[in-house]
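As stored in protein.txt (compact mmCIF, N, CA and C atoms):
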# COMPACT_ATOMS: atom_id res chain seq x y z
N MET U 1 84.42 119.37 78.97
CA MET U 1 85.44 120.08 78.20
C MET U 1 86.78 119.38 78.41
N ARG U 2 87.43 119.06 77.32
CA ARG U 2 88.71 118.35 77.38
C ARG U 2 89.86 119.34 77.36
N ARG U 3 90.80 119.13 78.26
CA ARG U 3 91.99 120.00 78.32
C ARG U 3 93.04 119.50 77.34
N GLU U 4 93.79 120.43 76.80
CA GLU U 4 94.90 120.07 75.92
C GLU U 4 96.02 119.48 76.76
N ARG U 5 96.60 118.40 76.30
CA ARG U 5 97.70 117.75 77.00
C ARG U 5 98.98 118.54 76.79
N LYS U 6 99.83 118.60 77.77
CA LYS U 6 101.10 119.30 77.70
C LYS U 6 102.22 118.33 77.36
N ALA U 7 103.10 118.74 76.50
CA ALA U 7 104.27 117.93 76.15
C ALA U 7 105.46 118.40 76.99
N VAL U 8 106.25 117.44 77.47
CA VAL U 8 107.41 117.74 78.29
C VAL U 8 108.59 116.92 77.79
N LEU U 9 109.71 117.58 77.60
CA LEU U 9 110.94 116.87 77.25
C LEU U 9 111.59 116.41 78.54
N LEU U 10 111.87 115.13 78.63
CA LEU U 10 112.44 114.57 79.84
C LEU U 10 113.71 113.80 79.48
N ARG U 11 114.81 114.19 80.06
CA ARG U 11 116.07 113.48 79.82
C ARG U 11 116.27 112.48 80.95
N LEU U 12 116.54 111.23 80.58
CA LEU U 12 116.70 110.17 81.57
C LEU U 12 118.01 109.44 81.37
N ASP U 13 118.54 108.95 82.45
CA ASP U 13 119.67 108.03 82.39
C ASP U 13 119.18 106.81 81.61
N PRO U 14 120.00 106.28 80.70
CA PRO U 14 119.56 105.13 79.90
C PRO U 14 119.10 103.93 80.74
N ALA U 15 119.73 103.69 81.87
CA ALA U 15 119.32 102.56 82.72
C ALA U 15 117.95 102.81 83.33
N VAL U 16 117.67 104.06 83.71
CA VAL U 16 116.36 104.40 84.25
C VAL U 16 115.30 104.25 83.15
N HIS U 17 115.61 104.73 81.95
CA HIS U 17 114.69 104.59 80.82
C HIS U 17 114.37 103.12 80.56
N GLU U 18 115.39 102.28 80.55
CA GLU U 18 115.18 100.86 80.29
C GLU U 18 114.32 100.22 81.37
N ALA U 19 114.59 100.56 82.63
CA ALA U 19 113.81 100.00 83.74
C ALA U 19 112.35 100.44 83.65
N LEU U 20 112.12 101.72 83.33
CA LEU U 20 110.75 102.22 83.18
C LEU U 20 110.05 101.55 82.00
N ALA U 21 110.76 101.37 80.90
CA ALA U 21 110.17 100.75 79.72
C ALA U 21 109.75 99.31 80.03
N HIS U 22 110.58 98.57 80.76
CA HIS U 22 110.23 97.20 81.13
C HIS U 22 109.03 97.17 82.06
N TRP U 23 109.01 98.08 83.04
CA TRP U 23 107.90 98.16 83.99
C TRP U 23 106.61 98.49 83.23
N ALA U 24 106.68 99.46 82.33
CA ALA U 24 105.50 99.84 81.55
C ALA U 24 104.99 98.66 80.73
N ALA U 25 105.89 97.94 80.10
CA ALA U 25 105.50 96.78 79.29
C ALA U 25 104.86 95.70 80.16
N ASP U 26 105.43 95.47 81.34
CA ASP U 26 104.85 94.48 82.25
C ASP U 26 103.43 94.86 82.66
N ASP U 27 103.17 96.15 82.78
CA ASP U 27 101.85 96.65 83.19
C ASP U 27 100.95 96.99 82.00
N LEU U 28 101.40 96.63 80.79
CA LEU U 28 100.63 96.85 79.56
C LEU U 28 100.28 98.33 79.34
N ARG U 29 101.26 99.19 79.59
CA ARG U 29 101.10 100.63 79.37
C ARG U 29 102.18 101.10 78.41
N SER U 30 101.93 102.25 77.78
CA SER U 30 103.00 102.91 77.04
C SER U 30 103.95 103.52 78.06
N LEU U 31 105.16 103.81 77.64
CA LEU U 31 106.11 104.44 78.56
C LEU U 31 105.58 105.79 79.01
N ASN U 32 105.04 106.58 78.08
CA ASN U 32 104.50 107.88 78.43
C ASN U 32 103.35 107.75 79.44
N GLY U 33 102.42 106.83 79.18
CA GLY U 33 101.31 106.62 80.08
C GLY U 33 101.76 106.15 81.45
N HIS U 34 102.80 105.32 81.47
CA HIS U 34 103.30 104.81 82.74
C HIS U 34 103.97 105.91 83.55
N VAL U 35 104.74 106.76 82.91
CA VAL U 35 105.37 107.87 83.62
C VAL U 35 104.30 108.79 84.21
N GLU U 36 103.24 109.06 83.43
CA GLU U 36 102.15 109.91 83.96
C GLU U 36 101.47 109.22 85.14
N TRP U 37 101.25 107.92 85.06
CA TRP U 37 100.63 107.17 86.15
C TRP U 37 101.49 107.27 87.41
N ILE U 38 102.81 107.11 87.26
CA ILE U 38 103.72 107.22 88.40
C ILE U 38 103.65 108.62 89.01
N LEU U 39 103.66 109.64 88.15
CA LEU U 39 103.60 111.02 88.64
C LEU U 39 102.28 111.31 89.35
N ARG U 40 101.17 110.82 88.81
CA ARG U 40 99.87 111.03 89.47
C ARG U 40 99.84 110.37 90.85
N ARG U 41 100.39 109.15 90.93
CA ARG U 41 100.43 108.46 92.23
C ARG U 41 101.31 109.22 93.21
N ALA U 42 102.46 109.72 92.75
CA ALA U 42 103.36 110.47 93.63
C ALA U 42 102.69 111.75 94.12
N LEU U 43 101.98 112.44 93.24
CA LEU U 43 101.26 113.64 93.65
C LEU U 43 100.19 113.32 94.69
N ALA U 44 99.44 112.26 94.47
CA ALA U 44 98.40 111.86 95.42
C ALA U 44 99.01 111.47 96.76
N ASP U 45 100.09 110.70 96.73
CA ASP U 45 100.75 110.27 97.97
C ASP U 45 101.28 111.46 98.77
N ALA U 46 101.71 112.50 98.06
CA ALA U 46 102.26 113.70 98.73
C ALA U 46 101.17 114.70 99.10
N GLY U 47 99.92 114.37 98.79
CA GLY U 47 98.83 115.30 99.08
C GLY U 47 98.84 116.51 98.18
N ARG U 48 99.38 116.37 96.97
CA ARG U 48 99.51 117.49 96.05
C ARG U 48 98.79 117.27 94.74
N ALA U 49 97.86 116.32 94.71
CA ALA U 49 97.12 116.07 93.48
C ALA U 49 96.31 117.32 93.13
N PRO U 50 96.40 117.79 91.89
CA PRO U 50 95.67 119.00 91.51
C PRO U 50 94.17 118.76 91.47
N ARG U 51 93.42 119.76 91.94
CA ARG U 51 91.96 119.66 91.89
C ARG U 51 91.49 119.87 90.47
N GLY U 52 90.50 119.12 90.09
CA GLY U 52 89.91 119.29 88.77
C GLY U 52 90.81 118.84 87.63
N ALA U 53 91.84 118.06 87.93
CA ALA U 53 92.74 117.62 86.88
C ALA U 53 92.11 116.53 86.03
N GLY U 54 91.03 115.97 86.53
CA GLY U 54 90.39 114.90 85.77
C GLY U 54 91.16 113.61 85.91
N ARG U 55 90.50 112.56 85.62
CA ARG U 55 91.15 111.25 85.67
C ARG U 55 91.66 110.94 84.29
N GLY U 56 92.96 110.83 84.17
CA GLY U 56 93.56 110.51 82.89
C GLY U 56 93.33 109.05 82.53
N ARG U 57 93.58 108.73 81.31
CA ARG U 57 93.43 107.36 80.83
C ARG U 57 94.27 106.41 81.66
N THR U 58 95.40 106.88 82.13
CA THR U 58 96.30 106.02 82.89
C THR U 58 95.72 105.66 84.24
N ASP U 59 94.81 106.49 84.79
CA ASP U 59 94.19 106.17 86.07
C ASP U 59 93.15 105.08 85.93
N ALA U 60 92.61 104.90 84.74
CA ALA U 60 91.55 103.93 84.53
C ALA U 60 92.09 102.50 84.53
N ILE U 61 93.38 102.35 84.36
CA ILE U 61 93.99 101.03 84.30
C ILE U 61 94.50 100.68 85.68
N ARG U 62 93.98 99.60 86.24
CA ARG U 62 94.43 99.21 87.58
C ARG U 62 95.84 98.64 87.50
N PRO U 63 96.62 98.85 88.55
CA PRO U 63 97.96 98.25 88.55
C PRO U 63 97.81 96.73 88.56
N PRO U 64 98.58 96.01 87.77
CA PRO U 64 98.47 94.56 87.76
C PRO U 64 98.96 93.96 89.07
N THR U 65 98.39 92.84 89.41
CA THR U 65 98.84 92.11 90.58
C THR U 65 99.89 91.10 90.14
N ASP U 66 100.54 90.46 91.09
CA ASP U 66 101.55 89.46 90.75
C ASP U 66 100.95 88.32 89.92
N SER U 67 99.68 88.00 90.17
CA SER U 67 99.05 86.91 89.41
C SER U 67 98.81 87.29 87.95
N ASP U 68 98.80 88.59 87.63
CA ASP U 68 98.63 89.04 86.25
C ASP U 68 99.92 88.94 85.44
N ARG U 69 101.04 88.93 86.14
CA ARG U 69 102.33 88.94 85.46
C ARG U 69 102.77 87.52 85.14
N PRO U 70 103.44 87.32 84.01
CA PRO U 70 103.96 85.99 83.72
C PRO U 70 105.05 85.63 84.72
N SER U 71 105.12 84.35 85.08
CA SER U 71 106.16 83.93 86.02
C SER U 71 107.49 83.88 85.29
N ARG U 72 108.55 84.13 86.01
CA ARG U 72 109.89 84.12 85.42
C ARG U 72 110.76 83.16 86.22
N ASP U 73 111.59 82.43 85.49
CA ASP U 73 112.51 81.55 86.19
C ASP U 73 113.71 82.38 86.65
N PRO U 74 114.62 81.80 87.45
CA PRO U 74 115.75 82.57 87.98
C PRO U 74 116.63 83.23 86.91
N ASP U 75 116.61 82.71 85.67
CA ASP U 75 117.39 83.31 84.61
C ASP U 75 116.67 84.44 83.91
N GLY U 76 115.44 84.75 84.36
CA GLY U 76 114.70 85.86 83.78
C GLY U 76 113.84 85.50 82.58
N ARG U 77 113.79 84.21 82.24
CA ARG U 77 112.96 83.79 81.10
C ARG U 77 111.51 83.66 81.55
N THR U 78 110.60 84.02 80.66
CA THR U 78 109.17 83.94 80.96
C THR U 78 108.67 82.54 80.64
N ASP U 79 107.86 81.99 81.56
CA ASP U 79 107.26 80.68 81.31
C ASP U 79 106.18 80.82 80.24
N PRO U 80 106.02 79.80 79.39
CA PRO U 80 104.99 79.87 78.35
C PRO U 80 103.60 79.75 78.91

Translate the structure of the given file into structure tokens.
Amino acid sequence: MRRERKAVLLRLDPAVHEALAHWAADDLRSLNGHVEWILRRALADAGRAPRGAGRGRTDAIRPPTDSDRPSRDPDGRTDP
């Protein structure tokens, strides 16, 4: 049985939003999926992960390693 997803309005500082968006893109996730992934990890780390919450799509994607990410030069440009 699939549970209905809940929508949440979240107001963020523009700099935090931009940083999250870049992180999500680096990890090949949507911003929404990345925020849920971060929240699930924080809940697990705090010992507060809900029982029976199921594994969301975001849990199925492993966090990328440094070797998965494109290398960047000191100016922030990505190598081809």

Let me have the centre and edge lengths of the axis-aligned box enclosing all listed atoms of stretch 36-47 of chain U with 6 Å padding on every side, in Å to one decimal, as AutoDock Vina command-line options.
--center_x 101.1 --center_y 111.8 --center_z 91.3 --size_x 17.3 --size_y 21.4 --size_z 27.7

Exercise. To one decimal place, how far is atom C of U:Pro14 from atom CA of U:Leu43 in Å?
Worked result: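 It comes out at 24.1 Å.
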
Problem set entry | atom CA of U:Glu36 to atom CA of U:Arg11, distance in Å rounded to a single decimal |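 For atom CA of U:Glu36 relative to atom CA of U:Arg11, the distance reads 15.0 Å.
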
For this session: Would you mind writing down, as a PyMOL selection string, each residue of stretch 6-35 of chain U that DSSP on the backbone assigns to helix (DSSP H, G or I)?
Result: chain U and resi 14-26+31-35
